[in-house]
Number of protein chains: 2
Amino acid sequence: VGQPDLDRLLGTLEAALGPAGVLVDPGLLQRHACDWSGEDRCAPVAVLRPRTTAEVAAALARCNESGWPVVVQGGLTGLAGGATPRRGEIALSLERLGGVDALDLPTATLVAGAGTRLQDVQQAAAGAGLAFPLDLGSRGSCTVGGNVATNAGGNRVLRYGMMRNLVVGLEAVLADGTVLSSLLPMLKDNAGYDLKQLFIGTEGTLGVVTRAVLRLYPEPIERITALVALDSFDALTSLLMRLRHTAGSLSAFEAMWADYFECALSTLGYARPFHAQHPFYAVVEVEAAEPVADRERLESTLAAALDEGGVRDAVVAASLEDAARIWRIREGAGELIGRLAPAMAFDVSMPLALMPDYVRTVGAGAARLGVRAFGAFGHLGDGNLHLIVAPGSASDGAAVDALVYGALRGSVSAEHGIGRHKRPWLAHTRSAAEIATMRGLKRHLDPRGILNPQRVI
Amino acid sequence: VGQPDLDRLLGTLEAALGPAGVLVDPGLLQRHACDWSGEDRCAPVAVLRPRTTAEVAAALARCNESGWPVVVQGGLTGLAGGATPRRGEIALSLERLGGVDALDLPTATLVAGAGTRLQDVQQAAAGAGLAFPLDLGSRGSCTVGGNVATNAGGNRVLRYGMMRNLVVGLEAVLADGTVLSSLLPMLKDNAGYDLKQLFIGTEGTLGVVTRAVLRLYPEPIERITALVALDSFDALTSLLMRLRHTAGSLSAFEAMWADYFECALSTLGYARPFHAQHPFYAVVEVEAAEPVADRERLESTLAAALDEGGVRDAVVAASLEDAARIWRIREGAGELIGRLAPAMAFDVSMPLALMPDYVRTVGAGAARLGVRAFGAFGHLGDGNLHLIVAPGSASDGAAVDALVYGALRGSVSAEHGIGRHKRPWLAHTRSAAEIATMRGLKRHLDPRGILNPQRVI
């Protein structure tokens, strides 16, 4: 295949999508959240911008006939390189498939196009007195299609689950242009195989998500946030278990190891919330139905934990500004990575019992490698640990990878997905039988291998 | 294939599973919850009783080599005929793969074998001060494997979701004996395709579930139950929406149309909870973190709804006995079906907005058919409606099916699955493209078609 084949294909695509539906600019260089080396920055040979599901189907059918590789794109905020084009790929952007409709109050659902930004879904829900609980730092850019395709997580998984739990119905297009559409607002439907599961978290390799029915929840009357200092990992898990029982609506439990905490404070210039330094910190968030009673319950739970030991200090935010200041320490991770550049970010999960030894082992190994910075934090309630490592020299990257994944008994990707960057490590988490089954599914549903090739598996 | 082939196969199976692992009794007639006609009662040619996942794998590999059809069995409580043997099938019972282990307190998970009864999972969780929230009337007989394979629902889906939401990890065996095992207690894991989704709700047609990691929740301090009488369907949905906002922990909202309610009271001889008769009733359950405050909140919400109209009367249970009496009316459905025998039970779902007209249409049609009884009730918050119809004569069954499904724009199975009984109606809910995709998956994962043939698709 060469330029004449591409020209012929682009001609049929333009006939299907109209002139505004096919952008061809050989100099086009897209900005991706996860770009971290020159080699990754590669312009797509064209960007397709369908406006409807039918246009997505027409575009895919044509690319499939030609066997032309397609990279599917949403808000370009992914952290695993899944949407970054490889040489010669056509990009299929869902940006024009946006918009929220069919807000159903009794069922508490809405329908959103794949190109709808997460923030717009949250605002549409808020306009109806409800909330869409998925929340990520990239809410202003990331889109529903990408949230579904990556099974996005975020801070409130503890209470609401990941994106998979929030998708009630889905419309997706297979590689050959077949449209599978199941968009009725029904929370229960066991009529045959639940085909939407094929497209949630498979990162666009088995089909292209075009629309989703999303589940909404009541907007909590108030969120109460606390920052807690603790003396051990055991104290962290004890507090998590205690809060789970006394506060029915615990919505976040974010742990920070001292190295992350100190690095965030000093690098980002934040005020120190406690006088002393402590080995562990946790950001706790409770969704309150009765703000006064729930705040008292949280305070008395923390007081009891202080008395019994383990918890060394705690502050409950008295204002939204206080709460934002507490969250900033935890959410400063993105900025921290920027300041420490070049820095590597990891997103692993494991049984909680293994976590303290794991962090110790990796931290000691990182020190031996002479890293500039090392920090650990994560969504403790979900077993999800994030690591930030700033290698001493660029050439240490491979050694850091080997260290982080080598010591891991768990998942090489808790929430960011596999994409291109983590593909070499997939076999660390999944067995040969599992990978063979994934490959078989891929070949079965996309026999010509046009959808996001060389991603995930 | 004939008796010599079967004898040869049974010989290899006995070599793999031991003599106690293969029961052969040509007169063996199993009792199934869903048996409703003589034709359905068919003895399996043998019952396999593996004790380990390796034995399940060995048994399936041998049946697959011979191309011999296998029906997978758990507690035999399914309502769609999926586990009822067809002539010539070998039954694979998971009854000896029971037992709970690996209870992980910080993560709030446990691992259960497929043969573990639901009630035993609930008790193991309670023993650790936690709760497994899935709950069905058949809890004493149904098993984890069946709960997973049918994506079981029940009364608390509103708060906790269906079985799919409660499965953290899974082990399953493919038709050819390949074992896929992912049993680490991690709530987040986006490392490649989430293969467990292939086995949840696919009713044993794509693989056999052998073990599951299940998610536990804090045991609520108290459950508060109320029975409410209302004057319209709109009042029902208004109350649902109101309770969703004022009670963060609404765990059940079960609606009953007057015809079901009156039929349950008179047929089962229950005391009348309200003096007057009303068009609609609802059982409301709230999980309380602070019993006194939560009860007051529920009472004031109901009082406000009474003042504004729509709600005509309400009682909040003052004791566990009161609560049990309220639930008995709703849960009397099973007994009611027995008393009305022969009676047909339906399990459909639809957008809530369509539900009142649907029940009116089907009720009027049923009256025209001269049915002996007609009743509607369901998990309103989930869009799930159950219908009980006692046809005037056995020959009216087909007409009732046509009536119930003909008027439906929604799912022919909200929670019971498709099995054998609803297979003819699958195309009413799923498109030709969806059914072709399901068939393709089935052929891909079970090319010889040995697993639960003629079920689902």
# chains A, B, ... in the order shown; residues from 1 in each chain; ligands from 1
>>> residues_around(residues="Thr143 (chain A)", least_positions_apart="4", cutoff="10 Å", atoms="only C-alpha atoms", output="PyMOL selection string")
chain A and resi 73-77+94-95+98+112-121+138-139+147-149
>>> write_last_selection(atoms="all heavy atoms", output="short mmCIF file (atom, residue, chain, number, x, y, z; two decimals), in the first residue's frame")
data_model
loop_
_atom_site.label_atom_id
_atom_site.label_comp_id
_atom_site.auth_asym_id
_atom_site.auth_seq_id
_atom_site.Cartn_x
_atom_site.Cartn_y
_atom_site.Cartn_z
N GLN A 73 -9.54 8.57 18.55
CA GLN A 73 -9.15 9.69 19.42
C GLN A 73 -10.35 10.38 20.07
O GLN A 73 -11.37 10.62 19.42
CB GLN A 73 -8.36 10.72 18.60
CG GLN A 73 -7.06 10.15 18.04
CD GLN A 73 -6.19 11.20 17.39
OE1 GLN A 73 -6.70 12.20 16.90
NE2 GLN A 73 -4.89 10.97 17.40
N GLY A 74 -10.18 10.67 21.35
CA GLY A 74 -11.16 11.48 22.08
C GLY A 74 -10.51 12.79 22.45
O GLY A 74 -10.14 13.56 21.59
N GLY A 75 -10.32 13.02 23.77
CA GLY A 75 -9.75 14.28 24.22
C GLY A 75 -8.23 14.32 24.28
O GLY A 75 -7.66 15.32 24.69
N LEU A 76 -7.59 13.24 23.87
CA LEU A 76 -6.12 13.14 23.84
C LEU A 76 -5.49 13.35 25.22
O LEU A 76 -4.38 13.88 25.35
CB LEU A 76 -5.52 14.14 22.83
CG LEU A 76 -6.04 14.01 21.39
CD1 LEU A 76 -5.34 15.01 20.47
CD2 LEU A 76 -5.85 12.59 20.87
N THR A 77 -6.19 12.92 26.26
CA THR A 77 -5.66 13.07 27.61
C THR A 77 -5.18 11.74 28.20
O THR A 77 -4.77 11.70 29.36
CB THR A 77 -6.73 13.65 28.56
OG1 THR A 77 -7.83 12.73 28.60
CG2 THR A 77 -7.23 14.99 28.08
N LEU A 94 -13.62 11.58 17.58
CA LEU A 94 -15.04 11.60 17.89
C LEU A 94 -15.50 12.97 18.34
O LEU A 94 -16.60 13.12 18.87
CB LEU A 94 -15.35 10.55 18.98
CG LEU A 94 -15.43 9.07 18.58
CD1 LEU A 94 -16.50 8.88 17.50
CD2 LEU A 94 -14.13 8.48 18.12
N GLU A 95 -14.66 14.01 18.13
CA GLU A 95 -14.94 15.32 18.72
C GLU A 95 -16.29 15.90 18.30
O GLU A 95 -16.90 16.65 19.03
CB GLU A 95 -13.81 16.31 18.39
CG GLU A 95 -13.69 16.59 16.89
CD GLU A 95 -12.41 17.37 16.54
OE1 GLU A 95 -12.13 18.38 17.19
OE2 GLU A 95 -11.71 16.94 15.60
N GLY A 98 -20.52 15.02 19.93
CA GLY A 98 -20.75 15.45 21.30
C GLY A 98 -22.20 15.75 21.59
O GLY A 98 -23.06 15.68 20.72
N ALA A 112 -25.09 10.48 26.32
CA ALA A 112 -24.07 11.42 25.87
C ALA A 112 -23.33 10.86 24.67
O ALA A 112 -23.04 9.65 24.62
CB ALA A 112 -23.08 11.72 27.00
N GLY A 113 -23.04 11.72 23.70
CA GLY A 113 -22.21 11.32 22.57
C GLY A 113 -20.78 11.11 23.01
O GLY A 113 -20.33 11.70 24.01
N ALA A 114 -20.04 10.29 22.26
CA ALA A 114 -18.68 9.94 22.64
C ALA A 114 -17.79 11.17 22.78
O ALA A 114 -16.88 11.21 23.60
CB ALA A 114 -18.07 8.99 21.62
N GLY A 115 -18.07 12.22 22.00
CA GLY A 115 -17.21 13.40 22.02
C GLY A 115 -17.54 14.39 23.12
O GLY A 115 -16.88 15.42 23.23
N THR A 116 -18.54 14.10 23.93
CA THR A 116 -18.92 15.02 25.01
C THR A 116 -17.82 15.06 26.07
O THR A 116 -17.36 14.02 26.52
CB THR A 116 -20.23 14.55 25.67
OG1 THR A 116 -21.15 14.17 24.66
CG2 THR A 116 -20.82 15.64 26.54
N ARG A 117 -17.43 16.27 26.46
CA ARG A 117 -16.43 16.35 27.52
C ARG A 117 -17.04 15.96 28.86
O ARG A 117 -18.20 16.25 29.13
CB ARG A 117 -15.87 17.78 27.59
CG ARG A 117 -14.98 18.10 26.39
CD ARG A 117 -14.48 19.51 26.45
NE ARG A 117 -15.61 20.44 26.64
CZ ARG A 117 -15.46 21.73 26.90
NH1 ARG A 117 -14.26 22.24 26.99
NH2 ARG A 117 -16.52 22.49 27.05
N LEU A 118 -16.23 15.31 29.69
CA LEU A 118 -16.70 14.87 31.00
C LEU A 118 -17.35 16.01 31.77
O LEU A 118 -18.40 15.86 32.39
CB LEU A 118 -15.53 14.27 31.78
CG LEU A 118 -15.79 13.88 33.23
CD1 LEU A 118 -16.96 12.92 33.36
CD2 LEU A 118 -14.53 13.29 33.86
N GLN A 119 -16.71 17.17 31.73
CA GLN A 119 -17.23 18.33 32.46
C GLN A 119 -18.64 18.70 32.00
O GLN A 119 -19.48 19.11 32.80
CB GLN A 119 -16.29 19.50 32.22
CG GLN A 119 -16.49 20.67 33.12
CD GLN A 119 -15.30 21.62 32.98
OE1 GLN A 119 -14.27 21.48 33.64
NE2 GLN A 119 -15.43 22.56 32.07
N ASP A 120 -18.91 18.56 30.71
CA ASP A 120 -20.24 18.89 30.19
C ASP A 120 -21.28 17.89 30.68
O ASP A 120 -22.44 18.25 30.89
CB ASP A 120 -20.21 18.95 28.66
CG ASP A 120 -19.34 20.11 28.16
OD1 ASP A 120 -19.14 21.07 28.93
OD2 ASP A 120 -18.86 20.04 27.02
N VAL A 121 -20.87 16.63 30.84
CA VAL A 121 -21.79 15.64 31.42
C VAL A 121 -22.08 16.00 32.87
O VAL A 121 -23.24 15.99 33.31
CB VAL A 121 -21.19 14.21 31.34
CG1 VAL A 121 -22.08 13.22 32.08
CG2 VAL A 121 -21.00 13.79 29.89
N SER A 138 -8.55 15.73 34.30
CA SER A 138 -8.66 16.17 32.90
C SER A 138 -10.11 16.38 32.48
O SER A 138 -10.42 16.37 31.29
CB SER A 138 -8.01 15.13 31.99
OG SER A 138 -8.63 13.88 32.16
N ARG A 139 -11.00 16.59 33.44
CA ARG A 139 -12.44 16.67 33.15
C ARG A 139 -12.80 17.67 32.05
O ARG A 139 -13.78 17.50 31.35
CB ARG A 139 -13.23 16.97 34.42
CG ARG A 139 -12.95 18.34 35.03
CD ARG A 139 -13.65 18.53 36.38
NE ARG A 139 -13.00 17.77 37.42
CZ ARG A 139 -11.90 18.17 38.08
NH1 ARG A 139 -11.33 19.33 37.79
NH2 ARG A 139 -11.38 17.44 39.03
N ASN A 147 -13.44 7.95 28.26
CA ASN A 147 -13.71 7.47 29.62
C ASN A 147 -14.22 6.03 29.57
O ASN A 147 -13.85 5.20 30.40
CB ASN A 147 -14.77 8.34 30.31
CG ASN A 147 -14.35 9.79 30.55
OD1 ASN A 147 -15.18 10.67 30.65
ND2 ASN A 147 -13.06 10.04 30.63
N VAL A 148 -15.09 5.73 28.60
CA VAL A 148 -15.62 4.37 28.47
C VAL A 148 -14.50 3.43 27.98
O VAL A 148 -14.27 2.35 28.54
CB VAL A 148 -16.81 4.32 27.49
CG1 VAL A 148 -17.23 2.88 27.23
CG2 VAL A 148 -17.98 5.14 28.02
N ALA A 149 -13.80 3.84 26.92
CA ALA A 149 -12.81 2.97 26.30
C ALA A 149 -11.68 2.61 27.25
O ALA A 149 -11.09 1.54 27.15
CB ALA A 149 -12.25 3.63 25.04
#
>>> residues_around(residues="region 274-286 of chain A", least_positions_apart="3", cutoff="10 Å", atoms="only C-alpha atoms", output="PyMOL selection string")
chain A and resi 155-156+159+220+222-233+235-236+239-240+243+247-262+271+289+291+294-295+298+311-316+323+326-327+329-330+377-380
>>> write_last_selection(atoms="C-alpha atoms", output="tab-separated table (two decimals), in the first residue's frame")
chain	number	residue	atom	x	y	z
A	155	ASN	CA	-11.03	9.73	43.09
A	156	ARG	CA	-14.54	8.47	43.84
A	159	ARG	CA	-18.08	4.78	46.43
A	220	PRO	CA	-24.42	15.01	47.92
A	222	GLU	CA	-22.04	18.46	51.25
A	223	ARG	CA	-18.61	16.90	50.98
A	224	ILE	CA	-16.55	16.87	54.16
A	225	THR	CA	-12.80	16.63	53.70
A	226	ALA	CA	-10.12	15.81	56.25
A	227	LEU	CA	-6.36	15.45	56.22
A	228	VAL	CA	-4.97	12.86	58.62
A	229	ALA	CA	-1.38	12.13	59.68
A	230	LEU	CA	-0.58	8.55	60.68
A	231	ASP	CA	2.39	6.62	61.99
A	232	SER	CA	2.20	3.42	59.94
A	233	PHE	CA	0.61	1.67	56.98
A	235	ALA	CA	-2.80	2.66	60.89
A	236	LEU	CA	-3.90	3.66	57.37
A	239	LEU	CA	-8.57	3.97	59.65
A	240	LEU	CA	-9.95	2.93	56.25
A	243	LEU	CA	-14.35	4.89	58.37
A	247	ALA	CA	-19.35	6.61	57.63
A	248	GLY	CA	-21.62	4.88	55.16
A	249	SER	CA	-20.74	7.43	52.52
A	250	LEU	CA	-16.95	7.45	52.47
A	251	SER	CA	-16.19	8.69	48.96
A	252	ALA	CA	-12.41	8.99	48.94
A	253	PHE	CA	-9.50	7.65	50.94
A	254	GLU	CA	-6.26	8.84	49.38
A	255	ALA	CA	-3.02	7.76	50.99
A	256	MET	CA	0.29	9.60	50.70
A	257	TRP	CA	3.68	8.35	51.80
A	258	ALA	CA	5.88	10.97	53.46
A	259	ASP	CA	8.27	11.17	50.49
A	260	TYR	CA	5.44	12.19	48.16
A	261	PHE	CA	3.95	14.56	50.72
A	262	GLU	CA	7.19	16.38	51.46
A	271	ALA	CA	1.98	25.68	53.32
A	289	ALA	CA	-26.58	13.72	53.73
A	291	PRO	CA	-23.79	17.90	57.13
A	294	ASP	CA	-21.97	13.63	59.46
A	295	ARG	CA	-19.23	16.09	60.35
A	298	LEU	CA	-16.28	12.02	61.18
A	311	VAL	CA	-3.50	8.47	63.96
A	312	ARG	CA	-1.16	11.28	65.04
A	313	ASP	CA	-2.96	14.39	63.91
A	314	ALA	CA	-5.99	15.39	61.84
A	315	VAL	CA	-7.69	18.47	60.45
A	316	VAL	CA	-11.24	18.57	59.15
A	323	ALA	CA	-10.94	21.41	51.44
A	326	ILE	CA	-6.12	19.66	51.24
A	327	TRP	CA	-6.99	18.18	47.85
A	329	ILE	CA	-1.58	18.35	47.96
A	330	ARG	CA	-2.89	15.08	46.55
A	377	PHE	CA	0.48	7.90	46.83
A	378	GLY	CA	-2.78	6.37	45.74
A	379	HIS	CA	-6.44	5.47	46.10
A	380	LEU	CA	-5.87	3.14	49.02
>>> atom_distance(atom1="CA of Leu170 (chain A)", atom2="CA of Arg420 (chain A)")
25.1 Å
>>> interface_residues(of="chain A", to="chain B", cutoff="7 Å", atoms="only C-alpha atoms", output="JSON, numbers by chain")
{"A": [106, 107, 165, 180, 184, 185, 186, 187, 188, 189, 190, 191, 192, 193, 197, 201, 202, 218, 237, 241, 244, 245, 248, 289, 349, 350, 351, 352, 381, 382, 383, 384, 411, 412, 413, 414, 415, 416, 417, 418, 426, 433, 434, 438, 456]}
>>> select_by_dssp(residues="region 312-443 of chain B", states="alpha helix (DSSP H)", output="MDAnalysis selection string")
chainID B and resid 320:331 333:339 355:368 397:406 426:429 432:443
>>> select_by_dssp(residues="region 65-285 of chain B", states="strand (DSSP E or B)", output="ChimeraX atom specification")
/B:70-73,90-93,100-104,109-113,117,130-131,135,143,154,167-173,179-182,208-215,217-218,222-230,250-257,280-285
>>> residues_around(residues="Ile388 (chain A)", least_positions_apart="5", cutoff="7 Å", atoms="only C-alpha atoms", output="PyMOL selection string")
chain A and resi 343-346+374-376
>>> residues_around(residues="Cys63 (chain B)", least_positions_apart="6", cutoff="8 Å", atoms="only C-alpha atoms", output="list in words")
Leu9, Pro69, Val70 and Ile450 of chain B
>>> write_last_selection(atoms="N, CA and C atoms", output="PDB file, in the first residue's frame")
ATOM      1  N   LEU B   9     -16.343 -42.142  26.669  1.00  0.00           N
ATOM      2  CA  LEU B   9     -16.172 -40.820  27.282  1.00  0.00           C
ATOM      3  C   LEU B   9     -16.290 -40.908  28.805  1.00  0.00           C
ATOM      4  N   PRO B  69     -22.292 -32.695  24.435  1.00  0.00           N
ATOM      5  CA  PRO B  69     -22.930 -31.526  25.058  1.00  0.00           C
ATOM      6  C   PRO B  69     -22.988 -31.623  26.587  1.00  0.00           C
ATOM      7  N   VAL B  70     -22.707 -30.500  27.224  1.00  0.00           N
ATOM      8  CA  VAL B  70     -22.624 -30.420  28.685  1.00  0.00           C
ATOM      9  C   VAL B  70     -23.597 -29.356  29.173  1.00  0.00           C
ATOM     10  N   ILE B 450     -20.251 -27.229  22.831  1.00  0.00           N
ATOM     11  CA  ILE B 450     -20.588 -28.209  23.884  1.00  0.00           C
ATOM     12  C   ILE B 450     -21.194 -27.576  25.128  1.00  0.00           C
TER      13      ILE B 450
END
>>> residues_around(residues="Gln30 (chain A)", least_positions_apart="6", cutoff="9 Å", atoms="only C-alpha atoms", output="tab-separated table (two decimals) with N, CA and C atoms, in the first residue's frame")
chain	number	residue	atom	x	y	z
A	41	ARG	N	5.83	11.29	18.85
A	41	ARG	CA	5.09	12.35	18.18
A	41	ARG	C	5.10	12.10	16.69
A	42	CYS	N	3.99	11.67	16.19
A	42	CYS	CA	3.90	11.26	14.80
A	42	CYS	C	2.56	11.78	14.29
A	43	ALA	N	2.54	12.46	13.17
A	43	ALA	CA	1.28	13.00	12.66
A	43	ALA	C	0.47	11.90	11.99
A	44	PRO	N	-0.85	11.90	12.21
A	44	PRO	CA	-1.69	10.96	11.46
A	44	PRO	C	-1.73	11.38	9.98
A	76	LEU	N	-7.59	13.24	23.87
A	76	LEU	CA	-6.12	13.14	23.84
A	76	LEU	C	-5.49	13.35	25.22
A	84	THR	N	-2.08	8.08	20.58
A	84	THR	CA	-0.98	8.69	19.84
A	84	THR	C	-0.76	7.91	18.54
A	85	PRO	N	-0.83	8.60	17.38
A	85	PRO	CA	-0.74	7.87	16.11
A	85	PRO	C	0.61	7.18	15.93
>>> residues_around(residues="Val72 (chain A)", least_positions_apart="2", cutoff="8 Å", atoms="only C-alpha atoms", output="JSON, numbers by chain")
{"A": [70, 74, 83, 91, 92, 93, 94, 204, 208, 451, 452]}
>>> atom_distance(atom1="CA of Met163 (chain A)", atom2="CA of Asp101 (chain A)")
18.9 Å
>>> decode(residues="region 45-65 of chain B", atoms="N, CA and C atoms", output="PDB file, in the first residue's frame")
ATOM      1  N   VAL B  45     -27.438 -37.791  31.087  1.00  0.00           N
ATOM      2  CA  VAL B  45     -26.884 -39.155  30.932  1.00  0.00           C
ATOM      3  C   VAL B  45     -25.865 -39.456  32.034  1.00  0.00           C
ATOM      4  N   ALA B  46     -25.308 -38.392  32.622  1.00  0.00           N
ATOM      5  CA  ALA B  46     -24.410 -38.565  33.768  1.00  0.00           C
ATOM      6  C   ALA B  46     -24.284 -37.219  34.450  1.00  0.00           C
ATOM      7  N   VAL B  47     -23.904 -37.261  35.726  1.00  0.00           N
ATOM      8  CA  VAL B  47     -23.628 -36.014  36.449  1.00  0.00           C
ATOM      9  C   VAL B  47     -22.159 -36.034  36.870  1.00  0.00           C
ATOM     10  N   LEU B  48     -21.395 -35.041  36.398  1.00  0.00           N
ATOM     11  CA  LEU B  48     -19.990 -34.920  36.789  1.00  0.00           C
ATOM     12  C   LEU B  48     -19.900 -34.027  38.017  1.00  0.00           C
ATOM     13  N   ARG B  49     -19.066 -34.429  38.973  1.00  0.00           N
ATOM     14  CA  ARG B  49     -18.955 -33.677  40.224  1.00  0.00           C
ATOM     15  C   ARG B  49     -17.501 -33.378  40.568  1.00  0.00           C
ATOM     16  N   PRO B  50     -16.856 -32.524  39.784  1.00  0.00           N
ATOM     17  CA  PRO B  50     -15.444 -32.212  40.034  1.00  0.00           C
ATOM     18  C   PRO B  50     -15.270 -31.529  41.384  1.00  0.00           C
ATOM     19  N   ARG B  51     -14.069 -31.727  41.977  1.00  0.00           N
ATOM     20  CA  ARG B  51     -13.787 -31.112  43.273  1.00  0.00           C
ATOM     21  C   ARG B  51     -12.871 -29.903  43.138  1.00  0.00           C
ATOM     22  N   THR B  52     -12.200 -29.805  41.995  1.00  0.00           N
ATOM     23  CA  THR B  52     -11.219 -28.725  41.822  1.00  0.00           C
ATOM     24  C   THR B  52     -11.372 -28.122  40.428  1.00  0.00           C
ATOM     25  N   THR B  53     -10.762 -26.952  40.278  1.00  0.00           N
ATOM     26  CA  THR B  53     -10.758 -26.309  38.968  1.00  0.00           C
ATOM     27  C   THR B  53     -10.037 -27.199  37.948  1.00  0.00           C
ATOM     28  N   ALA B  54      -8.971 -27.843  38.382  1.00  0.00           N
ATOM     29  CA  ALA B  54      -8.229 -28.721  37.467  1.00  0.00           C
ATOM     30  C   ALA B  54      -9.135 -29.861  36.987  1.00  0.00           C
ATOM     31  N   GLU B  55      -9.978 -30.386  37.880  1.00  0.00           N
ATOM     32  CA  GLU B  55     -10.903 -31.443  37.463  1.00  0.00           C
ATOM     33  C   GLU B  55     -11.965 -30.909  36.497  1.00  0.00           C
ATOM     34  N   VAL B  56     -12.425 -29.693  36.720  1.00  0.00           N
ATOM     35  CA  VAL B  56     -13.378 -29.083  35.777  1.00  0.00           C
ATOM     36  C   VAL B  56     -12.710 -28.991  34.403  1.00  0.00           C
ATOM     37  N   ALA B  57     -11.448 -28.530  34.402  1.00  0.00           N
ATOM     38  CA  ALA B  57     -10.725 -28.382  33.144  1.00  0.00           C
ATOM     39  C   ALA B  57     -10.555 -29.731  32.450  1.00  0.00           C
ATOM     40  N   ALA B  58     -10.205 -30.740  33.230  1.00  0.00           N
ATOM     41  CA  ALA B  58     -10.012 -32.070  32.646  1.00  0.00           C
ATOM     42  C   ALA B  58     -11.323 -32.594  32.068  1.00  0.00           C
ATOM     43  N   ALA B  59     -12.407 -32.412  32.810  1.00  0.00           N
ATOM     44  CA  ALA B  59     -13.712 -32.905  32.347  1.00  0.00           C
ATOM     45  C   ALA B  59     -14.131 -32.204  31.054  1.00  0.00           C
ATOM     46  N   LEU B  60     -13.976 -30.872  31.029  1.00  0.00           N
ATOM     47  CA  LEU B  60     -14.397 -30.137  29.829  1.00  0.00           C
ATOM     48  C   LEU B  60     -13.527 -30.514  28.631  1.00  0.00           C
ATOM     49  N   ALA B  61     -12.217 -30.651  28.861  1.00  0.00           N
ATOM     50  CA  ALA B  61     -11.333 -31.008  27.741  1.00  0.00           C
ATOM     51  C   ALA B  61     -11.785 -32.323  27.114  1.00  0.00           C
ATOM     52  N   ARG B  62     -12.163 -33.279  27.945  1.00  0.00           N
ATOM     53  CA  ARG B  62     -12.584 -34.582  27.420  1.00  0.00           C
ATOM     54  C   ARG B  62     -13.925 -34.489  26.683  1.00  0.00           C
ATOM     55  N   CYS B  63     -14.870 -33.787  27.266  1.00  0.00           N
ATOM     56  CA  CYS B  63     -16.172 -33.627  26.592  1.00  0.00           C
ATOM     57  C   CYS B  63     -15.982 -32.877  25.273  1.00  0.00           C
ATOM     58  N   ASN B  64     -15.094 -31.888  25.273  1.00  0.00           N
ATOM     59  CA  ASN B  64     -14.857 -31.091  24.071  1.00  0.00           C
ATOM     60  C   ASN B  64     -14.245 -31.948  22.966  1.00  0.00           C
ATOM     61  N   GLU B  65     -13.280 -32.787  23.353  1.00  0.00           N
ATOM     62  CA  GLU B  65     -12.685 -33.692  22.350  1.00  0.00           C
ATOM     63  C   GLU B  65     -13.752 -34.571  21.703  1.00  0.00           C
TER      64      GLU B  65
END
